[in-house]
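The data block below is query_37.txt; it holds compact mmCIF, C-alpha atoms and all ligand atoms.
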```txt
# COMPACT_ATOMS: atom_id res chain seq x y z
CA MET A 1 72.29 84.15 125.85
CA ARG A 2 74.29 85.65 123.07
CA VAL A 3 71.16 86.42 121.11
CA LEU A 4 69.65 88.12 124.12
CA PHE A 5 72.73 90.22 124.35
CA LEU A 6 72.71 91.21 120.76
CA LEU A 7 69.10 92.18 121.02
CA SER A 8 69.66 94.32 124.02
CA LEU A 9 72.65 96.20 122.73
CA LEU A 10 70.84 98.76 120.71
CA ILE A 11 71.52 102.38 120.41
CA VAL A 12 68.13 103.87 119.91
CA LEU A 13 66.57 105.32 116.88
CA ALA A 14 65.01 103.81 113.90
CA ALA A 15 65.46 105.39 110.53
CA SER A 16 63.20 103.50 108.21
CA PRO A 17 60.88 100.74 109.35
CA GLY A 18 60.36 99.71 105.74
CA MET A 19 64.05 99.17 105.25
CA ILE A 20 64.18 97.04 108.36
CA ALA A 21 61.31 94.89 107.24
CA ALA A 22 62.98 94.29 103.91
CA GLN A 23 66.11 92.88 105.52
CA GLU A 24 65.06 91.34 108.74
CA THR A 25 65.19 87.69 109.52
CA PRO A 26 62.64 86.68 112.12
CA THR A 27 64.33 86.42 115.49
CA PRO A 28 63.63 83.10 117.14
CA VAL A 29 63.58 84.12 120.80
CA THR A 30 62.81 86.89 123.26
CA PRO A 31 59.21 87.95 122.88
CA THR A 32 60.09 90.99 124.99
CA ALA A 33 62.76 92.15 122.56
CA PRO A 34 62.20 95.57 121.01
CA THR A 35 61.16 95.74 117.41
CA GLY A 36 63.69 96.60 114.77
CA THR A 37 66.31 94.42 116.40
CA PRO A 38 69.43 93.57 114.43
CA ARG A 39 69.98 90.21 112.91
CA PRO A 40 72.69 88.16 114.57
CA GLN A 41 72.72 85.89 111.53
CA PRO A 42 73.34 87.11 108.01
CA THR A 43 70.73 86.69 105.34
CA ALA A 44 71.32 85.84 101.72
CA THR A 45 69.31 88.71 100.30
CA PRO A 46 71.23 91.84 99.35
CA THR A 47 69.30 95.04 99.78
CA PRO A 48 67.89 96.23 96.46
CA ARG A 49 68.34 99.93 96.98
CA PRO A 50 69.94 102.26 94.47
CA LEU A 51 73.46 103.41 95.23
CA ARG A 52 74.80 106.84 94.45
CA PRO A 53 78.43 107.87 94.80
CA GLY A 54 79.17 110.17 97.72
CA ARG A 55 81.90 112.74 98.21
CA VAL A 56 85.44 112.26 97.01
CA TRP A 57 86.74 110.09 99.79
CA PRO A 58 89.84 111.28 101.65
CA ALA A 59 92.89 109.46 100.39
CA PRO A 60 95.26 107.64 102.74
CA ASP A 61 98.44 109.37 103.81
CA PRO A 62 101.38 107.27 102.55
CA ALA A 63 103.53 108.56 105.39
CA LEU A 64 101.14 106.95 107.88
CA ALA A 65 100.40 103.77 105.90
CA LYS A 66 101.17 101.25 108.55
CA GLU A 67 99.25 99.48 111.25
CA HIS A 68 98.74 101.30 114.52
CA PHE A 69 97.41 98.64 116.85
CA TRP A 70 97.91 100.72 119.96
CA LEU A 71 94.90 99.43 121.85
CA ALA A 72 94.49 96.30 123.97
CA ARG A 73 91.05 94.76 124.40
CA PRO A 74 88.97 96.33 127.16
CA PHE A 75 87.83 93.10 128.86
CA ALA A 76 89.50 90.17 130.56
CA PRO A 77 88.25 86.57 130.53
CA PRO A 78 85.63 85.32 130.99
CA ALA A 79 84.02 88.52 129.71
CA GLU A 80 83.04 88.84 126.06
CA ASP A 81 85.66 90.60 123.98
CA ASP A 82 84.45 90.41 120.39
CA ILE A 83 83.43 93.53 118.54
CA GLU A 84 79.75 93.39 117.65
CA TYR A 85 79.79 93.06 113.89
CA TRP A 86 76.17 93.86 113.13
CA TYR A 87 76.63 97.57 113.97
CA PRO A 88 80.01 98.55 112.53
CA PHE A 89 81.67 101.92 112.80
CA GLY A 90 80.36 104.52 110.36
CA THR A 91 77.16 102.66 109.62
CA THR A 92 73.55 102.70 110.74
CA GLY A 93 73.36 98.97 111.48
CA SER A 94 71.52 98.24 108.24
CA GLY A 95 69.47 101.42 108.45
CA GLN A 96 68.17 100.95 111.96
CA TYR A 97 70.16 103.25 114.25
CA LEU A 98 72.14 106.43 114.58
CA ILE A 99 75.36 106.65 112.63
CA HIS A 100 77.82 104.73 114.75
CA HIS A 101 80.83 106.74 115.88
CA GLY A 102 82.47 103.81 117.65
CA VAL A 103 82.18 100.08 118.16
CA ASP A 104 80.25 98.08 120.74
CA ILE A 105 81.19 95.13 122.91
CA GLY A 106 78.38 93.51 124.88
CA ASN A 107 78.77 92.33 128.46
CA PRO A 108 76.55 92.12 131.55
CA MET A 109 76.02 95.12 133.79
CA GLY A 110 78.93 95.57 136.16
CA THR A 111 81.57 93.82 134.06
CA PRO A 112 84.93 95.54 134.71
CA ILE A 113 86.21 97.68 131.83
CA LEU A 114 89.98 97.82 131.47
CA SER A 115 92.07 100.64 130.07
CA VAL A 116 93.12 99.84 126.50
CA ALA A 117 96.24 102.04 126.51
CA PRO A 118 98.32 104.31 128.74
CA GLY A 119 97.20 107.91 129.05
CA ARG A 120 95.64 110.58 131.18
CA VAL A 121 91.96 110.74 132.08
CA ILE A 122 90.44 114.02 130.87
CA VAL A 123 86.73 113.23 131.39
CA ALA A 124 85.19 110.97 134.03
CA GLY A 125 81.53 111.09 135.00
CA GLU A 126 78.15 112.07 133.63
CA ASP A 127 77.56 114.13 130.50
CA LEU A 128 74.38 115.81 131.71
CA THR A 129 75.80 119.31 131.29
CA ALA A 130 78.68 118.81 128.88
CA THR A 131 78.01 117.41 125.41
CA TYR A 132 80.39 114.76 124.11
CA GLY A 133 77.96 113.12 121.69
CA LEU A 134 74.93 114.39 119.81
CA THR A 135 73.18 115.69 122.91
CA PRO A 136 73.75 115.96 126.64
CA ASN A 137 73.25 112.61 128.38
CA PHE A 138 74.21 110.81 125.16
CA TYR A 139 76.81 108.54 126.75
CA GLY A 140 75.19 108.88 130.15
CA ARG A 141 78.38 108.26 132.03
CA LEU A 142 81.73 108.15 130.29
CA VAL A 143 85.49 108.19 130.57
CA VAL A 144 87.79 109.84 128.03
CA VAL A 145 91.51 109.18 128.10
CA GLU A 146 94.07 111.16 126.14
CA LEU A 147 96.67 108.61 125.14
CA SER A 148 100.32 109.06 126.02
CA GLN A 149 101.20 108.35 122.40
CA ARG A 150 100.36 110.85 119.66
CA LEU A 151 99.69 110.22 115.99
CA GLY A 152 102.28 112.52 114.47
CA GLU A 153 101.40 115.88 116.02
CA GLN A 154 97.83 114.90 116.80
CA PRO A 155 96.51 113.82 120.20
CA VAL A 156 94.52 110.58 120.29
CA PHE A 157 91.60 110.00 122.64
CA VAL A 158 89.71 106.88 123.66
CA LEU A 159 86.13 107.24 124.90
CA TYR A 160 84.38 104.60 127.01
CA GLY A 161 80.63 105.25 126.90
CA HIS A 162 77.44 104.16 128.71
CA VAL A 163 79.37 102.98 131.77
CA GLN A 164 77.60 102.09 134.99
CA THR A 165 80.34 103.16 137.38
CA VAL A 166 83.50 105.19 136.93
CA ALA A 167 86.67 104.01 138.69
CA VAL A 168 88.98 106.87 137.69
CA ALA A 169 89.07 110.64 138.07
CA ALA A 170 89.99 113.44 135.68
CA GLY A 171 93.70 114.14 135.74
CA GLN A 172 94.59 110.56 136.72
CA GLU A 173 97.18 108.61 134.76
CA VAL A 174 96.13 105.12 133.66
CA ASN A 175 98.03 102.19 132.25
CA THR A 176 96.88 99.38 130.00
CA GLY A 177 94.73 96.97 132.01
CA ASP A 178 93.81 99.43 134.77
CA ARG A 179 90.17 99.37 135.74
CA ILE A 180 88.29 102.27 134.12
CA GLY A 181 84.80 101.46 135.36
CA THR A 182 82.05 98.94 134.74
CA VAL A 183 79.68 98.15 131.91
CA GLY A 184 76.34 99.90 132.01
CA MET A 185 73.61 101.24 129.80
CA ALA A 186 73.65 104.91 130.76
CA GLY A 187 72.56 107.52 128.25
CA VAL A 188 71.21 106.53 124.85
CA ALA A 189 71.45 102.76 125.14
CA LEU A 190 68.85 100.05 125.53
CA GLY A 191 71.07 97.37 126.96
CA PRO A 192 74.40 96.90 128.74
CA HIS A 193 77.47 97.27 126.55
CA LEU A 194 80.66 99.24 126.19
CA HIS A 195 80.73 101.80 123.42
CA LEU A 196 84.36 102.47 122.50
CA GLU A 197 85.48 105.43 120.40
CA VAL A 198 88.78 106.63 119.03
CA ARG A 199 89.09 110.37 118.40
CA VAL A 200 92.05 111.93 116.61
CA GLY A 201 93.03 115.60 116.78
CA SER A 202 90.48 116.72 119.35
CA ASN A 203 88.02 115.23 121.80
CA THR A 204 84.97 115.92 119.65
CA TYR A 205 82.20 113.82 118.18
CA ASN A 206 83.10 114.49 114.55
CA ARG A 207 86.78 113.56 114.91
CA VAL A 208 86.20 109.83 115.33
CA ARG A 209 88.12 107.07 113.58
CA ASN A 210 87.32 103.38 113.26
CA PRO A 211 88.46 101.55 116.44
CA ASP A 212 88.70 98.29 114.45
CA LEU A 213 91.93 99.65 113.01
CA TRP A 214 93.38 100.47 116.43
CA LEU A 215 92.46 97.39 118.47
CA ARG A 216 95.14 94.71 118.42
CA PRO A 217 93.89 91.53 116.73
CA PHE A 218 93.70 88.30 118.66
CA PRO A 219 96.28 85.61 117.88
CA ASN A 220 95.52 83.85 114.60
CA GLN A 221 93.20 86.67 113.62
CA GLY A 222 93.44 89.73 111.44
CA LEU A 223 91.03 92.05 109.74
CA ILE A 224 90.03 93.37 106.37
CA ALA A 225 89.87 97.09 105.65
CA GLY A 226 88.80 98.35 102.28
CA ARG A 227 88.30 101.40 100.19
CA LEU A 228 85.29 100.94 97.91
CA VAL A 229 85.17 103.92 95.57
CA ASP A 230 84.10 104.76 92.02
CA GLU A 231 86.34 105.69 89.11
CA LYS A 232 86.55 109.28 90.37
CA GLY A 233 87.55 108.29 93.89
CA ARG A 234 84.10 108.99 95.32
CA THR A 235 82.94 106.74 98.12
CA TRP A 236 80.19 104.22 97.53
CA PRO A 237 78.29 104.89 100.76
CA GLU A 238 76.12 102.21 102.34
CA ALA A 239 77.10 99.62 99.77
CA HIS A 240 76.24 96.11 100.87
CA VAL A 241 79.34 93.93 101.22
CA LEU A 242 79.13 90.19 101.79
CA ILE A 243 82.05 88.10 103.05
CA TYR A 244 82.48 84.42 102.32
CA LYS A 245 85.13 81.98 103.40
CA VAL A 246 86.68 80.75 100.21
CA GLU A 247 85.93 77.12 101.07
CA ARG A 248 82.31 77.93 101.96
CA ARG A 249 81.08 79.95 99.04
CA ASP A 250 77.55 78.78 99.77
CA ARG A 251 77.36 80.53 103.13
CA ILE A 252 77.60 84.22 103.96
CA TRP A 253 80.13 84.54 106.75
CA ARG A 254 79.62 88.23 107.50
CA GLU A 255 77.93 91.15 105.88
CA LEU A 256 78.03 94.89 106.37
CA TYR A 257 77.46 98.25 104.75
CA THR A 258 80.17 100.71 103.88
CA TYR A 259 80.33 103.96 105.84
CA VAL A 260 77.65 106.55 105.31
CA ASP A 261 78.63 109.74 103.53
CA ASP A 262 78.46 112.05 106.52
CA ALA A 263 80.71 114.87 107.65
CA GLY A 264 81.08 113.21 111.06
CA ILE A 265 82.58 110.05 109.60
CA SER A 266 86.06 110.06 108.11
CA PRO A 267 88.48 107.29 107.25
CA ASP A 268 91.64 106.52 109.08
CA ASP A 269 94.44 108.88 108.03
CA ALA A 270 96.67 105.90 107.36
CA TRP A 271 94.24 103.80 105.36
CA GLY A 272 91.50 105.87 103.72
CA GLU A 273 89.06 102.99 104.20
CA ASN A 274 85.28 103.05 104.08
CA PHE A 275 84.65 99.63 105.57
CA SER A 276 86.33 97.13 107.85
CA ILE A 277 85.72 93.60 109.02
CA PRO A 278 87.42 92.82 112.35
CA ASP A 279 88.15 89.61 114.22
CA LEU A 280 88.64 87.29 111.23
CA LEU A 281 90.61 84.08 111.48
CA ALA A 282 93.59 84.06 109.14
CA GLY A 283 92.60 82.54 105.82
CA ASP A 284 91.16 83.19 102.41
CA TYR A 285 87.94 85.11 101.95
CA ILE A 286 85.87 86.50 99.09
CA LEU A 287 84.19 89.89 99.22
CA GLU A 288 81.11 90.50 97.15
CA THR A 289 79.16 93.65 96.44
CA LYS A 290 76.62 94.88 93.96
CA ILE A 291 76.98 98.23 92.21
CA GLY A 292 74.36 99.02 89.61
CA ASN A 293 73.24 95.75 88.14
CA ARG A 294 76.52 93.92 88.48
CA ILE A 295 77.84 91.80 91.25
CA GLU A 296 81.58 92.16 91.82
CA THR A 297 83.81 89.85 93.84
CA LEU A 298 87.29 90.23 95.24
CA PRO A 299 89.50 87.58 96.90
CA VAL A 300 91.29 88.65 100.08
CA THR A 301 93.81 86.80 102.22
CA VAL A 302 93.79 87.64 105.93
CA GLN A 303 97.08 87.21 107.78
CA ALA A 304 97.23 86.94 111.55
CA GLY A 305 98.00 90.22 113.27
CA GLU A 306 97.62 92.32 110.14
CA ILE A 307 95.22 94.47 108.19
CA ALA A 308 94.43 93.00 104.77
CA PHE A 309 93.76 96.20 102.89
CA VAL A 310 91.96 96.27 99.56
CA LEU A 311 91.45 99.09 97.15
CA TRP A 312 88.26 98.24 95.34
CA ARG A 313 87.39 100.58 92.53
CA ILE A 314 84.06 100.02 90.83
CA SER A 315 82.70 102.45 88.28
CA ALA A 316 79.03 103.30 88.09
CA ASP A 317 78.63 101.00 85.08
CA GLY A 318 79.92 98.11 87.13
CA SER A 319 83.45 97.71 85.80
CA ALA A 320 85.87 96.96 88.59
CA SER A 321 89.51 97.04 89.38
CA SER A 322 91.40 96.38 92.54
CA SER A 323 94.92 96.45 93.78
CA PRO A 324 96.66 95.33 96.91
CA THR A 325 98.40 97.87 99.08
CA PRO A 326 102.13 97.38 99.62
CA ARG A 327 102.68 95.67 102.93
CA PRO A 328 104.65 97.49 105.59
CA PRO A 329 106.96 95.36 107.71
CA ARG A 330 104.99 93.55 110.35
CA PRO A 331 105.50 95.03 113.81
CA THR A 332 105.42 92.98 116.96
CA TYR A 333 103.06 93.53 119.84
CA PRO A 334 102.52 92.11 123.30
CA PRO A 335 100.25 89.09 123.18
CA PRO A 336 96.55 89.84 123.61
CA MET A 337 94.84 88.46 126.64
CA ARG A 338 93.13 85.51 125.00
CA ARG A 339 91.87 84.08 121.81
CA PRO A 340 88.08 84.01 121.51
CA LEU A 341 86.04 81.32 119.89
CA PRO A 342 85.38 81.96 116.24
CA MET A 343 82.06 83.63 115.56
CA LEU A 344 79.39 81.30 114.33
ZN ZN B 1 78.11 102.12 120.19
```

Please express the file's structure as structure tokens.
Amino acid sequence: MRVLFLLSLLIVLAASPGMIAAQETPTPVTPTAPTGTPRPQPTATPTPRPLRPGRVWPAPDPALAKEHFWLARPFAPPAEDDIEYWYPFGTTGSGQYLIHHGVDIGNPMGTPILSVAPGRVIVAGEDLTATYGLTPNFYGRLVVVELSQRLGEQPVFVLYGHVQTVAVAAGQEVNTGDRIGTVGMAGVALGPHLHLEVRVGSNTYNRVRNPDLWLRPFPNQGLIAGRLVDEKGRTWPEAHVLIYKVERRDRIWRELYTYVDDAGISPDDAWGENFSIPDLLAGDYILETKIGNRIETLPVTVQAGEIAFVLWRISADGSASSSPTPRPPRPTYPPPMRRPLPML
């Protein structure tokens, strides 16, 4: 069933069929599945495409360099609550889809969606006449909440997209856990899922930030965020990053691409990252990437409830350096609703 879900969760649009063919693992089920579907399982073959540095990547703001896990998870058991890792924020899902301005969580049509934080509803309904994404009817039906808490002087918004039904009205105050609506596939979506966005500063499509860095980790889990740049501080966009568990170096645990170099995608003000890997059990991992002709690796330790941040600087000729970021004191948070099974 999980595979079916993953297959159905697509946001439309294929960029390069050739690129897909080069990376795709045959999918074992669902003859009715659309072509160009993502791979639920990683493959061992890095993509052999040339990398070029992008723009000088915005640096983190030291004054904000601490975790801001303001958001609870938007589903209650037995609903699925894991972030879909094959289509991360800021990426094209291995070259297959639109640049992702949020994260996805798959669940059946009608699954209740819960408010992730206190705030005031500012949008509730269809986007047929107002544009909140690339085009009208992009999210189909959506809810936007301006959070009660601000990031410094800046307002923070959470967008719930593609919903089937809306359970709130504009102007209404909501608290964490309140019912926002139900999972649907309205707008540009091929299957039922929640698309969740975080917007900082204004409620606009190009002010998004990575929700991975705002959603509270599950117990015993943390996440990796990293800044993969060259010697001049330019981002390495769409670099292929593989993640291994240190005790299973023979098996790729996750894989992803760094953010695209696009004006609509910016790092978190606090972290300056260009990739993240959410929902990781605490433990030791190894990151691996290939820049030029050299493969570079970097050990990372994930602590429960924290962001393991890595600064990974690799020059165009392949020489690398890295440094850990000083750890802020660990804050405490209310316990999340449940601990999911580890991803397999
Ligand atoms: Zn999405």

Practice item. Using all atoms listed in the file, find each residue with an atom at most 8 Å away from ligand ZN 1 (chain B) and format the answer as JSON, numbers by chain. Key: {"A": [11, 87, 100, 101, 102, 103, 104, 161, 194, 195, 196]}

Practice item. Tell me, as a list in words, which residues lie within 10 Å of Asn203 (chain A), counting all atoms listed in the file; anything in the same chain fewer than 3 positions away does not count. Key: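 Skipping anything fewer than 3 positions along the chain leaves Ile122, Val123, Tyr132, Val144, Val145, Glu146, Pro155, Val156, Phe157, Val158, Leu159, Val198, Arg199, Val200, Asn206, Arg207 and Val208 of chain A.
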
Point to revise | Counting only C-alpha atoms, the residue of A:Val183, A:Ile295, A:Val300, A:Ala65 that sits nearest Tyr139 (chain A) | key: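 The closest residue to Tyr139 (chain A) is A:Val183.
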
Review point. Do you know which residues are at most 9 Å from Thr176 (chain A) counting all atoms listed in the file, after dropping those on the same chain fewer than 4 positions away, and could you put them as a ChimeraX atom specification?
Key: /A:71-72,74,114-119

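One distance worth recording is that between CA of Ile291 (chain A) and CA of Lys232 (chain A), which is 14.7 Å.
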
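Here CA of Gly133 (chain A) is placed at a distance of 25.4 Å from CA of Arg216 (chain A).
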
Exercise for review: Find the distance between CA of Arg209 (chain A) and CA of Trp70 (chain A) and write it in Å to one decimal.
Suggested key: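 It comes out at 13.3 Å.
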
N, CA and C atoms are needed for region 245-263 of chain A; please write them out as a PDB file, keeping the file's coordinate frame.
```
ATOM      1  N   LYS A 245      83.887  82.746 103.344  1.00  0.00           N
ATOM      2  CA  LYS A 245      85.130  81.980 103.400  1.00  0.00           C
ATOM      3  C   LYS A 245      85.283  81.294 102.051  1.00  0.00           C
ATOM      4  N   VAL A 246      86.510  81.220 101.572  1.00  0.00           N
ATOM      5  CA  VAL A 246      86.680  80.750 100.210  1.00  0.00           C
ATOM      6  C   VAL A 246      86.220  79.288 100.067  1.00  0.00           C
ATOM      7  N   GLU A 247      86.330  78.527 101.156  1.00  0.00           N
ATOM      8  CA  GLU A 247      85.930  77.120 101.070  1.00  0.00           C
ATOM      9  C   GLU A 247      84.436  76.932 101.339  1.00  0.00           C
ATOM     10  N   ARG A 248      83.757  78.018 101.705  1.00  0.00           N
ATOM     11  CA  ARG A 248      82.310  77.930 101.960  1.00  0.00           C
ATOM     12  C   ARG A 248      81.589  79.025 101.184  1.00  0.00           C
ATOM     13  N   ARG A 249      81.663  78.912  99.893  1.00  0.00           N
ATOM     14  CA  ARG A 249      81.080  79.950  99.040  1.00  0.00           C
ATOM     15  C   ARG A 249      79.549  79.946  99.104  1.00  0.00           C
ATOM     16  N   ASP A 250      79.010  78.885  99.693  1.00  0.00           N
ATOM     17  CA  ASP A 250      77.550  78.780  99.770  1.00  0.00           C
ATOM     18  C   ASP A 250      76.989  79.441 101.026  1.00  0.00           C
ATOM     19  N   ARG A 251      77.864  79.980 101.871  1.00  0.00           N
ATOM     20  CA  ARG A 251      77.360  80.530 103.130  1.00  0.00           C
ATOM     21  C   ARG A 251      77.961  81.918 103.391  1.00  0.00           C
ATOM     22  N   ILE A 252      77.098  82.882 103.632  1.00  0.00           N
ATOM     23  CA  ILE A 252      77.600  84.220 103.960  1.00  0.00           C
ATOM     24  C   ILE A 252      78.193  84.182 105.356  1.00  0.00           C
ATOM     25  N   TRP A 253      79.443  84.592 105.456  1.00  0.00           N
ATOM     26  CA  TRP A 253      80.130  84.540 106.750  1.00  0.00           C
ATOM     27  C   TRP A 253      79.867  85.813 107.550  1.00  0.00           C
ATOM     28  N   ARG A 254      79.942  86.933 106.900  1.00  0.00           N
ATOM     29  CA  ARG A 254      79.620  88.230 107.500  1.00  0.00           C
ATOM     30  C   ARG A 254      78.990  89.094 106.416  1.00  0.00           C
ATOM     31  N   GLU A 255      78.394  90.163 106.843  1.00  0.00           N
ATOM     32  CA  GLU A 255      77.930  91.150 105.880  1.00  0.00           C
ATOM     33  C   GLU A 255      77.930  92.507 106.565  1.00  0.00           C
ATOM     34  N   LEU A 256      78.019  93.545 105.791  1.00  0.00           N
ATOM     35  CA  LEU A 256      78.030  94.890 106.370  1.00  0.00           C
ATOM     36  C   LEU A 256      77.716  95.888 105.276  1.00  0.00           C
ATOM     37  N   TYR A 257      77.589  97.139 105.687  1.00  0.00           N
ATOM     38  CA  TYR A 257      77.460  98.250 104.750  1.00  0.00           C
ATOM     39  C   TYR A 257      78.677  99.145 104.910  1.00  0.00           C
ATOM     40  N   THR A 258      79.077  99.748 103.797  1.00  0.00           N
ATOM     41  CA  THR A 258      80.170 100.710 103.880  1.00  0.00           C
ATOM     42  C   THR A 258      79.703 101.946 104.645  1.00  0.00           C
ATOM     43  N   TYR A 259      80.650 102.774 105.038  1.00  0.00           N
ATOM     44  CA  TYR A 259      80.330 103.960 105.840  1.00  0.00           C
ATOM     45  C   TYR A 259      79.315 104.839 105.107  1.00  0.00           C
ATOM     46  N   VAL A 260      78.529 105.520 105.873  1.00  0.00           N
ATOM     47  CA  VAL A 260      77.650 106.550 105.310  1.00  0.00           C
ATOM     48  C   VAL A 260      78.519 107.724 104.850  1.00  0.00           C
ATOM     49  N   ASP A 261      77.943 108.530 103.971  1.00  0.00           N
ATOM     50  CA  ASP A 261      78.630 109.740 103.530  1.00  0.00           C
ATOM     51  C   ASP A 261      78.157 110.882 104.416  1.00  0.00           C
ATOM     52  N   ASP A 262      78.875 111.092 105.502  1.00  0.00           N
ATOM     53  CA  ASP A 262      78.460 112.050 106.520  1.00  0.00           C
ATOM     54  C   ASP A 262      79.698 112.778 107.018  1.00  0.00           C
ATOM     55  N   ALA A 263      79.543 114.070 107.256  1.00  0.00           N
ATOM     56  CA  ALA A 263      80.710 114.870 107.650  1.00  0.00           C
ATOM     57  C   ALA A 263      81.329 114.385 108.949  1.00  0.00           C
TER      58      ALA A 263
END
```
